[in-house]
Amino acid sequence: DAKTTQPNSMESNEEEPVHLPCNHSTISGTDYIHWYRQLPSQGPEYVIHGLTSNVNNRMASLAIAEDRKSSTLILHRATLRDAAVYYCILRANDYKLSFGAGTTVTVRA
Amino acid sequence: NAGVTQTPKFQVLKTGQSMTLQCAQDMNHNSMYWYRQDPGMGLRLIYYSASEGTTDKGEVPNGYNVSRLNKREFSLRLESAAPSQTSVYFCASSEISAGVRNEQFFGPGTRLTVL
């Protein structure tokens, strides 16, 4: 299975953007890039996913490198509620999610 | 809609005891999953059920059994609990799809301690 590499932690100030990098140099052509986040004491929740093109939704944006070996999750204006562990996951055409350790995001008021 | 519900929220067992963790979803999803999360780590898949009537092993199935009771319910059983099974257990569900949009919806978790 292709693996992802994320920084252990990142800090941000409230109302500033947060850019969360993810490296996936062994990604295959059919792997989708998914992001989930886990708020403290809760189950994970879906954030966004993409294949080749950049994607936007109400929660975040996903920027995918042209060679697909890396991607960046962008939280446009961090709030205290965005403090969570963010997981970058490569998803083949099956049912399973493989979680790594993720990036712990701290938001300062 | 309640989404994915899990019972109990907390449980303390002694080594060797058995118990069943319950999970139900009201989103009419075909696929359901059980994960465990140890402190400071990501989730690991224990078992999953792609559709009613089928179950498959995930990454860490040893010491567990599952039952897909019907489309809504998917239970996880520990026959003889061990301290190594102390963890937070999450249930999830998703649609079947030919593609990978397949967002998984997670329950709030069961915090299990085995003494």
# chains A, B, ... in the order shown; residues from 1 in each chain; ligands from 1

call {"tool": "interface_residues", "arguments": {"of": "chain B", "to": "chain A", "cutoff": "6 Å", "atoms": "only C-alpha atoms", "output": "PyMOL selection string"}}
result
chain B and resi 41-43+100+106-108

call {"tool": "write_last_selection", "arguments": {"atoms": "N, CA, C and O atoms", "output": "compact mmCIF listing (two decimals), in the first residue's frame"}}
result
# COMPACT_ATOMS: atom_id res chain seq x y z
N MET B 41 -2.09 7.15 18.31
CA MET B 41 -1.94 6.47 17.01
C MET B 41 -3.17 6.70 16.15
O MET B 41 -4.22 7.13 16.63
N GLY B 42 -3.02 6.37 14.88
CA GLY B 42 -4.16 6.42 13.98
C GLY B 42 -5.04 5.20 14.16
O GLY B 42 -4.75 4.30 14.94
N LEU B 43 -6.16 5.19 13.44
CA LEU B 43 -7.09 4.07 13.54
C LEU B 43 -6.59 2.87 12.73
O LEU B 43 -6.00 3.03 11.67
N VAL B 100 -14.55 5.84 -5.42
CA VAL B 100 -13.94 5.98 -4.11
C VAL B 100 -14.47 7.20 -3.36
O VAL B 100 -13.84 7.67 -2.43
N PHE B 106 -18.34 8.12 11.02
CA PHE B 106 -17.89 7.45 12.23
C PHE B 106 -18.81 7.73 13.41
O PHE B 106 -19.40 8.81 13.53
N GLY B 107 -18.88 6.73 14.30
CA GLY B 107 -19.58 6.91 15.55
C GLY B 107 -18.69 7.60 16.57
O GLY B 107 -17.53 7.89 16.30
N PRO B 108 -19.21 7.84 17.78
CA PRO B 108 -18.47 8.58 18.81
C PRO B 108 -17.42 7.75 19.53
O PRO B 108 -16.60 8.30 20.26

call {"tool": "residues_around", "arguments": {"residues": "B:Lys9", "least_positions_apart": "4", "cutoff": "7 Å", "atoms": "only C-alpha atoms", "output": "ChimeraX atom specification"}}
result
/B:109-111

call {"tool": "decode", "arguments": {"residues": "stretch 13-24 of chain A", "atoms": "all heavy atoms", "output": "short mmCIF file (atom, residue, chain, number, x, y, z; two decimals), in the first residue's frame"}}
result
data_model
loop_
_atom_site.label_atom_id
_atom_site.label_comp_id
_atom_site.auth_asym_id
_atom_site.auth_seq_id
_atom_site.Cartn_x
_atom_site.Cartn_y
_atom_site.Cartn_z
N ASN A 13 -2.44 30.70 14.02
CA ASN A 13 -3.25 31.68 14.75
C ASN A 13 -4.65 31.68 14.20
O ASN A 13 -4.90 31.40 13.01
CB ASN A 13 -2.64 33.08 14.60
CG ASN A 13 -1.29 33.19 15.26
OD1 ASN A 13 -1.09 32.67 16.36
ND2 ASN A 13 -0.35 33.84 14.60
N GLU A 14 -5.59 31.99 15.08
CA GLU A 14 -6.98 32.04 14.67
C GLU A 14 -7.17 33.03 13.53
O GLU A 14 -6.53 34.09 13.48
CB GLU A 14 -7.85 32.46 15.88
CG GLU A 14 -9.29 32.07 15.77
CD GLU A 14 -10.06 32.36 17.06
OE1 GLU A 14 -9.51 33.01 17.97
OE2 GLU A 14 -11.21 31.92 17.15
N GLU A 15 -8.02 32.67 12.60
CA GLU A 15 -8.37 33.46 11.42
C GLU A 15 -7.26 33.57 10.39
O GLU A 15 -7.39 34.30 9.42
CB GLU A 15 -8.87 34.86 11.83
CG GLU A 15 -10.13 34.80 12.67
CD GLU A 15 -10.79 36.15 12.85
OE1 GLU A 15 -10.32 37.13 12.25
OE2 GLU A 15 -11.78 36.22 13.58
N GLU A 16 -6.19 32.83 10.58
CA GLU A 16 -5.14 32.77 9.55
C GLU A 16 -5.26 31.45 8.79
O GLU A 16 -5.80 30.47 9.30
CB GLU A 16 -3.76 32.89 10.19
CG GLU A 16 -3.49 34.28 10.73
CD GLU A 16 -2.07 34.44 11.24
OE1 GLU A 16 -1.33 33.43 11.29
OE2 GLU A 16 -1.72 35.56 11.63
N PRO A 17 -4.72 31.39 7.56
CA PRO A 17 -4.78 30.13 6.82
C PRO A 17 -3.81 29.10 7.38
O PRO A 17 -2.79 29.45 7.96
CB PRO A 17 -4.39 30.54 5.40
CG PRO A 17 -3.60 31.79 5.57
CD PRO A 17 -4.15 32.49 6.78
N VAL A 18 -4.17 27.85 7.18
CA VAL A 18 -3.31 26.74 7.57
C VAL A 18 -3.08 25.88 6.34
O VAL A 18 -4.03 25.51 5.65
CB VAL A 18 -3.97 25.88 8.67
CG1 VAL A 18 -3.02 24.75 9.09
CG2 VAL A 18 -4.34 26.73 9.87
N HIS A 19 -1.82 25.58 6.07
CA HIS A 19 -1.45 24.73 4.94
C HIS A 19 -0.85 23.44 5.49
O HIS A 19 0.23 23.46 6.09
CB HIS A 19 -0.45 25.44 4.04
CG HIS A 19 -1.02 26.56 3.25
ND1 HIS A 19 -1.43 27.74 3.81
CD2 HIS A 19 -1.28 26.67 1.92
CE1 HIS A 19 -1.90 28.55 2.88
NE2 HIS A 19 -1.83 27.92 1.73
N LEU A 20 -1.53 22.33 5.28
CA LEU A 20 -1.09 21.04 5.80
C LEU A 20 -0.52 20.20 4.66
O LEU A 20 -1.26 19.77 3.78
CB LEU A 20 -2.25 20.31 6.46
CG LEU A 20 -2.88 21.01 7.65
CD1 LEU A 20 -4.10 20.26 8.14
CD2 LEU A 20 -1.88 21.17 8.78
N PRO A 21 0.79 19.93 4.68
CA PRO A 21 1.37 19.17 3.59
C PRO A 21 1.26 17.67 3.78
O PRO A 21 1.19 17.19 4.93
CB PRO A 21 2.85 19.60 3.64
CG PRO A 21 3.09 19.86 5.09
CD PRO A 21 1.80 20.41 5.64
N CYS A 22 1.28 16.96 2.67
CA CYS A 22 1.27 15.50 2.69
C CYS A 22 2.10 15.00 1.51
O CYS A 22 1.86 15.40 0.37
CB CYS A 22 -0.15 14.96 2.61
SG CYS A 22 -0.26 13.16 2.66
N ASN A 23 3.07 14.18 1.80
CA ASN A 23 3.88 13.58 0.74
C ASN A 23 3.42 12.15 0.48
O ASN A 23 3.20 11.39 1.43
CB ASN A 23 5.36 13.59 1.12
CG ASN A 23 5.95 14.97 1.05
OD1 ASN A 23 5.61 15.74 0.15
ND2 ASN A 23 6.80 15.31 1.98
N HIS A 24 3.29 11.80 -0.77
CA HIS A 24 2.87 10.44 -1.15
C HIS A 24 3.57 10.10 -2.45
O HIS A 24 2.93 9.96 -3.50
CB HIS A 24 1.35 10.32 -1.26
CG HIS A 24 0.63 11.58 -1.63
ND1 HIS A 24 0.57 12.06 -2.93
CD2 HIS A 24 -0.07 12.45 -0.87
CE1 HIS A 24 -0.13 13.17 -2.94
NE2 HIS A 24 -0.54 13.44 -1.71
#
